[in-house]
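Novice: So I've got this file, target.cif, and it contains mmCIF, C-alpha atoms:
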data_work
loop_
_atom_site.label_atom_id
_atom_site.label_comp_id
_atom_site.auth_asym_id
_atom_site.auth_seq_id
_atom_site.Cartn_x
_atom_site.Cartn_y
_atom_site.Cartn_z
CA MET A 25 -19.98 12.31 -5.66
CA GLU A 26 -19.28 14.43 -8.74
CA ARG A 27 -17.32 12.41 -11.31
CA SER A 28 -15.08 15.44 -11.93
CA LYS A 29 -13.80 15.18 -8.34
CA VAL A 30 -12.30 11.69 -8.69
CA ILE A 31 -9.59 10.31 -10.96
CA ILE A 32 -8.62 6.69 -11.61
CA LEU A 33 -4.91 5.88 -11.81
CA ILE A 34 -3.99 2.75 -13.76
CA PRO A 35 -0.31 1.74 -13.86
CA SER A 36 0.41 -0.50 -16.82
CA ARG A 37 3.37 -2.43 -18.18
CA ASN A 38 2.70 -4.43 -21.37
CA GLU A 39 -0.97 -4.93 -20.44
CA TYR A 40 -2.44 -3.70 -23.74
CA SER A 41 -5.01 -6.47 -24.22
CA THR A 42 -6.65 -6.08 -20.80
CA LEU A 43 -6.03 -2.34 -20.43
CA ARG A 44 -7.88 -1.72 -23.69
CA LYS A 45 -10.93 -3.62 -22.40
CA ILE A 46 -10.93 -1.68 -19.13
CA LEU A 47 -10.61 1.70 -20.80
CA LYS A 48 -13.42 0.95 -23.26
CA LYS A 49 -15.69 0.43 -20.26
CA ILE A 50 -14.73 3.42 -18.13
CA HIS A 51 -12.85 6.18 -19.94
CA ARG A 52 -16.02 7.99 -21.09
CA GLU A 53 -17.55 7.83 -17.63
CA TYR A 54 -14.61 8.69 -15.37
CA LEU A 55 -11.46 10.80 -15.38
CA ILE A 56 -8.55 8.47 -16.15
CA LEU A 57 -4.77 8.70 -15.95
CA VAL A 58 -2.74 5.76 -17.21
CA ILE A 59 0.90 5.50 -16.15
CA ASP A 60 2.55 3.61 -18.98
CA ASP A 61 5.67 2.00 -17.56
CA ASN A 62 7.62 2.05 -20.83
CA SER A 63 5.47 -0.70 -22.36
CA LYS A 64 6.80 -2.46 -25.45
CA ASP A 65 3.39 -3.54 -26.77
CA ASN A 66 0.67 -1.39 -28.38
CA THR A 67 -0.22 0.49 -25.20
CA HIS A 68 1.36 3.80 -26.20
CA LYS A 69 -0.20 3.83 -29.67
CA TYR A 70 -3.60 2.98 -28.26
CA LEU A 71 -3.50 5.76 -25.66
CA LEU A 72 -2.46 8.32 -28.27
CA LYS A 73 -5.03 7.20 -30.82
CA ASN A 74 -7.90 7.30 -28.33
CA LYS A 75 -6.75 10.52 -26.64
CA ILE A 76 -6.64 8.95 -23.21
CA PRO A 77 -4.60 10.96 -20.65
CA PHE A 78 -1.39 9.21 -19.70
CA LEU A 79 2.14 9.58 -18.40
CA ARG A 80 4.83 7.49 -20.05
CA ASN A 81 7.99 6.50 -18.24
CA SER A 82 11.13 6.87 -20.35
CA LYS A 83 12.40 3.68 -18.71
CA GLN A 84 10.76 0.95 -16.66
CA LEU A 85 10.24 2.21 -13.09
CA GLY A 86 8.06 -0.55 -11.66
CA TYR A 87 4.54 -0.66 -10.26
CA GLU A 88 5.08 1.31 -7.06
CA SER A 89 7.19 4.09 -8.58
CA SER A 90 4.71 4.46 -11.44
CA LEU A 91 1.84 4.95 -9.01
CA ILE A 92 3.84 7.43 -6.94
CA LYS A 93 4.53 9.37 -10.13
CA GLY A 94 0.80 9.41 -10.82
CA PHE A 95 -0.03 10.60 -7.29
CA LYS A 96 2.44 13.47 -7.49
CA HIS A 97 1.20 14.49 -10.95
CA VAL A 98 -2.42 14.64 -9.80
CA LEU A 99 -1.61 16.54 -6.61
CA LYS A 100 0.40 19.09 -8.55
CA ASN A 101 -1.77 19.51 -11.64
CA ARG A 102 -5.32 18.49 -10.67
CA LYS A 103 -6.09 20.64 -7.65
CA LYS A 104 -9.86 20.06 -7.88
CA ILE A 105 -9.56 16.28 -7.53
CA ASN A 106 -10.76 15.11 -4.10
CA TYR A 107 -10.16 11.37 -4.46
CA ILE A 108 -7.77 9.09 -6.30
CA ILE A 109 -8.75 5.51 -7.08
CA THR A 110 -6.04 3.06 -8.08
CA MET A 111 -6.77 -0.11 -10.00
CA ASP A 112 -4.65 -2.64 -11.86
CA ALA A 113 -4.47 -3.04 -15.62
CA ASP A 114 -4.41 -6.85 -15.65
CA GLY A 115 -8.17 -7.43 -15.63
CA GLU A 116 -8.45 -8.66 -12.03
CA HIS A 117 -10.51 -5.70 -10.84
CA SER A 118 -14.10 -5.09 -11.88
CA PHE A 119 -14.95 -1.61 -13.10
CA LYS A 120 -18.40 -2.10 -11.51
CA ASP A 121 -16.78 -1.81 -8.07
CA ILE A 122 -15.80 1.81 -8.77
CA LYS A 123 -19.35 2.89 -7.96
CA LYS A 124 -19.14 1.09 -4.61
CA PHE A 125 -16.09 3.19 -3.75
CA LEU A 126 -17.78 6.41 -4.79
CA ASN A 127 -20.93 5.64 -2.81
CA ILE A 128 -19.01 5.67 0.48
CA SER A 129 -16.26 8.13 -0.47
CA LYS A 130 -17.45 11.06 1.66
CA ASN A 131 -17.21 9.01 4.83
CA TYR A 132 -13.59 7.83 4.53
CA ASP A 133 -10.03 8.97 3.86
CA LEU A 134 -8.90 5.53 2.69
CA VAL A 135 -10.88 2.65 1.25
CA ILE A 136 -9.08 -0.64 0.62
CA GLY A 137 -10.70 -3.18 -1.67
CA LYS A 138 -10.61 -6.49 0.21
CA ARG A 139 -10.16 -9.24 -2.36
CA ASN A 140 -12.17 -12.44 -2.13
CA ARG A 141 -9.05 -14.46 -2.95
CA TYR A 142 -5.27 -14.02 -2.79
CA ASN A 143 -2.53 -15.11 -5.16
CA ARG A 144 -0.04 -16.21 -2.47
CA ILE A 145 -0.15 -17.75 0.99
CA THR A 146 2.10 -14.94 2.20
CA GLU A 147 -0.61 -12.44 1.24
CA HIS A 148 -3.06 -14.30 3.49
CA PHE A 149 -0.63 -14.01 6.37
CA LEU A 150 0.11 -10.32 5.77
CA SER A 151 -3.62 -9.60 5.62
CA TRP A 152 -4.12 -11.39 8.96
CA VAL A 153 -1.22 -9.48 10.58
CA PHE A 154 -2.50 -6.18 9.26
CA TYR A 155 -5.96 -6.89 10.65
CA LYS A 156 -4.57 -7.81 14.06
CA LYS A 157 -2.60 -4.56 14.19
CA PHE A 158 -4.97 -2.11 12.52
CA ARG A 159 -8.36 -3.83 12.10
CA ILE A 160 -8.16 -3.69 8.32
CA TYR A 161 -7.40 -6.36 5.73
CA ASP A 162 -5.53 -6.74 2.44
CA PRO A 163 -2.97 -3.89 2.34
CA LEU A 164 -1.53 -5.34 -0.90
CA SER A 165 -4.77 -4.78 -2.79
CA GLY A 166 -4.19 -2.61 -5.86
CA PHE A 167 -7.79 -1.38 -5.72
CA LYS A 168 -7.84 1.52 -3.25
CA MET A 169 -9.31 4.98 -2.88
CA TYR A 170 -7.35 7.82 -1.26
CA LYS A 171 -8.52 11.26 -0.20
CA THR A 172 -6.12 13.70 -1.89
CA LYS A 173 -6.18 16.07 1.08
CA LYS A 174 -4.41 13.37 3.10
CA LEU A 175 -1.99 12.47 0.31
CA TYR A 176 -0.37 15.90 0.48
CA LYS A 177 1.04 14.91 3.90
CA ILE A 178 2.30 11.46 2.86
CA LYS A 179 5.94 10.41 2.54
CA TYR A 180 6.28 8.23 -0.53
CA SER A 181 8.35 5.07 -0.75
CA SER A 182 8.53 2.17 -3.21
CA LYS A 183 10.00 -0.26 -0.67
CA TYR A 184 6.90 -2.12 0.51
CA PHE A 185 4.43 -2.42 -2.41
CA LEU A 186 2.92 0.86 -1.08
CA VAL A 187 1.82 -0.84 2.14
CA ASP A 188 3.69 1.87 4.03
CA LEU A 189 1.59 4.48 2.23
CA ALA A 190 -1.61 2.85 3.52
CA LEU A 191 0.01 2.63 6.96
CA GLN A 192 0.40 6.39 7.09
CA PHE A 193 -3.35 6.68 6.70
CA VAL A 194 -4.28 4.08 9.30
CA GLN A 195 -1.76 5.43 11.79
CA SER A 196 -3.25 8.90 11.61
CA GLU A 197 -5.51 9.56 14.63
CA LYS A 198 -8.13 11.44 12.63
CA ALA A 199 -8.09 9.28 9.51
CA LYS A 200 -11.16 7.19 8.68
CA TYR A 201 -10.55 3.99 6.77
CA ILE A 202 -12.42 0.84 5.84
CA ASN A 203 -12.31 -2.37 3.84
CA LEU A 204 -14.71 -2.76 0.93
CA PRO A 205 -15.22 -6.38 -0.20
CA ILE A 206 -14.50 -6.87 -3.90
CA ASN A 207 -14.49 -9.88 -6.19
CA VAL A 208 -11.39 -10.32 -8.33
CA ARG A 209 -11.11 -12.23 -11.55
CA LYS A 210 -8.27 -14.49 -12.54
CA ARG A 211 -5.70 -12.25 -14.20
CA TYR A 212 -4.70 -12.69 -17.81
CA GLY A 213 -1.08 -13.36 -18.70
CA LYS A 214 1.84 -13.24 -16.31
CA SER A 215 1.90 -11.43 -13.00
CA ARG A 216 3.58 -8.03 -12.82
CA LEU A 217 5.45 -9.46 -9.82
CA LYS A 218 7.60 -11.77 -11.90
CA ASN A 219 9.94 -13.52 -9.50
CA TRP A 220 8.01 -15.80 -7.14
CA PHE A 221 10.84 -16.17 -4.62
CA PHE A 222 11.76 -12.49 -4.34
CA THR A 223 8.12 -11.40 -4.28
CA ASN A 224 7.39 -13.67 -1.32
CA LEU A 225 10.62 -12.55 0.36
CA LYS A 226 9.53 -8.93 0.00
CA ILE A 227 6.12 -9.74 1.46
CA LEU A 228 7.80 -11.44 4.43
CA LYS A 229 9.88 -8.29 4.95
CA ILE A 230 6.67 -6.26 4.93
CA ILE A 231 5.20 -8.58 7.56
CA LEU A 232 8.24 -8.01 9.77
CA PHE A 233 7.95 -4.28 9.17
CA VAL A 234 4.29 -4.28 10.24
CA PHE A 235 5.11 -6.39 13.30
CA SER A 236 7.72 -3.80 14.29
CA ILE A 237 5.14 -1.03 14.62
CA ARG A 238 4.10 -0.26 18.17
CA ASN A 239 1.53 2.26 19.34
CA GLY A 240 1.16 3.73 15.89
CA ARG A 241 4.88 4.19 15.26
CA SER A 242 7.60 2.01 13.75
CA SER A 243 10.24 0.99 16.25
#
Show me the file's structure as structure tokens.
Specialist:
Amino acid sequence: MERSKVIILIPSRNEYSTLRKILKKIHREYLILVIDDNSKDNTHKYLLKNKIPFLRNSKQLGYESSLIKGFKHVLKNRKKINYIITMDADGEHSFKDIKKFLNISKNYDLVIGKRNRYNRITEHFLSWVFYKKFRIYDPLSGFKMYKTKKLYKIKYSSKYFLVDLALQFVQSEKAKYINLPINVRKRYGKSRLKNWFFTNLKILKIILFVFSIRNGRSS
């Protein structure tokens, strides 16, 4: 695939130390768009100094809303982009896996990076439920590739860690989707999902939401 046809979205909130390392590896090789979620560290200065394309939120919007903002920006302003890859700024994802996504891009509308380990037991359970329903794992993975042609028809929501966005792909009769195994590193610093209790509660709500779907539609 032509590198000019794909863009990598990286949402970031106070992830300067790891974001800098990621961008040094990939920003000369791929089109990049960082969504800076009103970071209070050196992220903004670094992006300006190194002339890396970015959007900066005037206030903290959160991971999901930042990504949605990035999707809408690309669809509106980058008409020649055929695929969007999302990856996290915390150092968990390997930039080497980007090539794996691109190698199979023409065959699929959605590629979900299946992590080799999860951070929470509830993520294991959600992955199992998702597989039972849709024959695909790890909907919470932040490393995904979306065909932009399909994204134009998507309804965006920040309710379910973007699991509902992936669901709209897998529920489409003509959509082609697959898991791509990836190895994740131990993240540096604190998780972007700060509150352990409420994060797990939200994941449990997602599980119930997925269970409620019958014959390709939510009940």
Novice: Determine the nearest neighbour of Tyr161 of chain A from the options A:Thr146, A:Asn203, A:Gln192, A:Ser89, counting only C-alpha atoms.
Specialist: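 Ranking A:Thr146, A:Asn203, A:Gln192, A:Ser89 by distance to Tyr161 of chain A, first place goes to A:Asn203.
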Novice: Give as a list in words each residue that has an atom at most 10 Å from (-9.9, -6.9, -2.4) in the file, counting only C-alpha atoms.
Specialist: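 The requested residues, written out, are Glu116, His117, Ile136, Gly137, Lys138, Arg139, Asn140, Arg141, Tyr142, Tyr161, Asp162, Pro163, Leu164, Ser165, Gly166, Phe167, Lys168, Asn203, Leu204, Pro205, Ile206, Asn207 and Val208 of chain A.
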Novice: Residues within 10 Å of Ile31 of chain A, please, as a list in words. Count all atoms listed in the file; anything in the same chain fewer than 4 positions from it doesn't count.
Specialist: Arg27, Tyr54, Leu55, Ile56, Leu57, Val98, Arg102, Ile105, Asn106, Tyr107, Ile108, Ile109, Thr110 and Met169 of chain A
Novice: Suppose we keep C-alpha atoms; can you now write the selection as a short mmCIF file (atom, residue, chain, number, x, y, z; two decimals), in the coordinates of the input?
Specialist:
data_model
loop_
_atom_site.label_atom_id
_atom_site.label_comp_id
_atom_site.auth_asym_id
_atom_site.auth_seq_id
_atom_site.Cartn_x
_atom_site.Cartn_y
_atom_site.Cartn_z
CA ARG A 27 -17.32 12.41 -11.31
CA TYR A 54 -14.61 8.69 -15.37
CA LEU A 55 -11.46 10.80 -15.38
CA ILE A 56 -8.55 8.47 -16.15
CA LEU A 57 -4.77 8.70 -15.95
CA VAL A 98 -2.42 14.64 -9.80
CA ARG A 102 -5.32 18.49 -10.67
CA ILE A 105 -9.56 16.28 -7.53
CA ASN A 106 -10.76 15.11 -4.10
CA TYR A 107 -10.16 11.37 -4.46
CA ILE A 108 -7.77 9.09 -6.30
CA ILE A 109 -8.75 5.51 -7.08
CA THR A 110 -6.04 3.06 -8.08
CA MET A 169 -9.31 4.98 -2.88
#
Novice: For Lys130 of chain A, list every protein, DNA or RNA residue within 10 Å, evaluated using only C-alpha atoms, and leave out those in the same chain fewer than 2 positions away; present the list as a ChimeraX atom specification.
Specialist: /A:25,106-107,125-128,132-133,171
Novice: Nearest to Ile178 of chain A among A:Ile227, A:Leu191, A:Ile32, A:Ala113, with distances taken over only C-alpha atoms: which residue is it?
Specialist: A:Leu191
Novice: Separation of atom CA of Thr42 of chain A and atom CA of Lys120 of chain A, in Å?
Specialist: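 Computing the Euclidean distance for atom CA of Thr42 of chain A and atom CA of Lys120 of chain A yields 15.5 Å.
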Novice: Name all residues at most 12 Å from Tyr180 of chain A (count all atoms listed in the file; drop same-chain ones fewer than 2 positions away) and give them as an MDAnalysis selection string.
Specialist: chainID A and resid 88:96 175:178 182:192
Novice: Here is a test: counting all atoms listed in the file, which residue of A:Arg144, A:Lys48, A:Lys179, A:Lys157 is nearest to Tyr70 of chain A?
Specialist: A:Lys48
Novice: Which is closer to Lys103 of chain A than all the others in A:Leu72, A:Val194, A:Val58, A:Lys29, using all atoms listed in the file?
Specialist: A:Lys29
Novice: Given the file shown, determine the residues that the PyMOL selection byres ((chain A and resi 60) around 9) selects; report them as a list in words.
Specialist: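 With the shown file as input, the PyMOL selection byres ((chain A and resi 60) around 9) matches Ile34, Pro35, Ser36, Arg37, Asn38, Val58, Ile59, Asp61, Asn62, Ser63, Thr67, His68, Phe78, Leu79, Arg80, Asn81, Gln84 and Ser90 of chain A.
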Novice: Residues of the last selection are to be written out with C-alpha atoms, as an mmCIF file, in the coordinates of the input.
Specialist:
data_model
loop_
_atom_site.group_PDB
_atom_site.id
_atom_site.type_symbol
_atom_site.label_atom_id
_atom_site.label_comp_id
_atom_site.auth_asym_id
_atom_site.auth_seq_id
_atom_site.Cartn_x
_atom_site.Cartn_y
_atom_site.Cartn_z
ATOM 1 C CA ILE A 34 -3.990 2.750 -13.760
ATOM 2 C CA PRO A 35 -0.310 1.740 -13.860
ATOM 3 C CA SER A 36 0.410 -0.500 -16.820
ATOM 4 C CA ARG A 37 3.370 -2.430 -18.180
ATOM 5 C CA ASN A 38 2.700 -4.430 -21.370
ATOM 6 C CA VAL A 58 -2.740 5.760 -17.210
ATOM 7 C CA ILE A 59 0.900 5.500 -16.150
ATOM 8 C CA ASP A 61 5.670 2.000 -17.560
ATOM 9 C CA ASN A 62 7.620 2.050 -20.830
ATOM 10 C CA SER A 63 5.470 -0.700 -22.360
ATOM 11 C CA THR A 67 -0.220 0.490 -25.200
ATOM 12 C CA HIS A 68 1.360 3.800 -26.200
ATOM 13 C CA PHE A 78 -1.390 9.210 -19.700
ATOM 14 C CA LEU A 79 2.140 9.580 -18.400
ATOM 15 C CA ARG A 80 4.830 7.490 -20.050
ATOM 16 C CA ASN A 81 7.990 6.500 -18.240
ATOM 17 C CA GLN A 84 10.760 0.950 -16.660
ATOM 18 C CA SER A 90 4.710 4.460 -11.440
#
Novice: Pick from A:Phe149, A:Phe221, A:Phe158, A:Phe119: nearest to Ile237 of chain A, with all atoms listed in the file counted?
Specialist: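 Using all atoms listed in the file, the shortest distance to Ile237 of chain A belongs to A:Phe158.
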Novice: Find, counting only C-alpha atoms, the residue in A:Leu33, A:Ile145, A:Leu85, A:Ile50 that gets nearest to Leu225 of chain A.
Specialist: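 Smallest separation from Leu225 of chain A among the options: A:Ile145.
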Novice: Suppose you want the space between atom CA of Ser118 of chain A and atom CA of Phe222 of chain A; what is it in Å?
Specialist: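 These two atoms are separated by 27.9 Å.
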Novice: Atom CA of Ser28 of chain A and atom CA of Ile76 of chain A, how far apart in Å?
Specialist: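 Here the two named atoms are 15.5 Å from each other.
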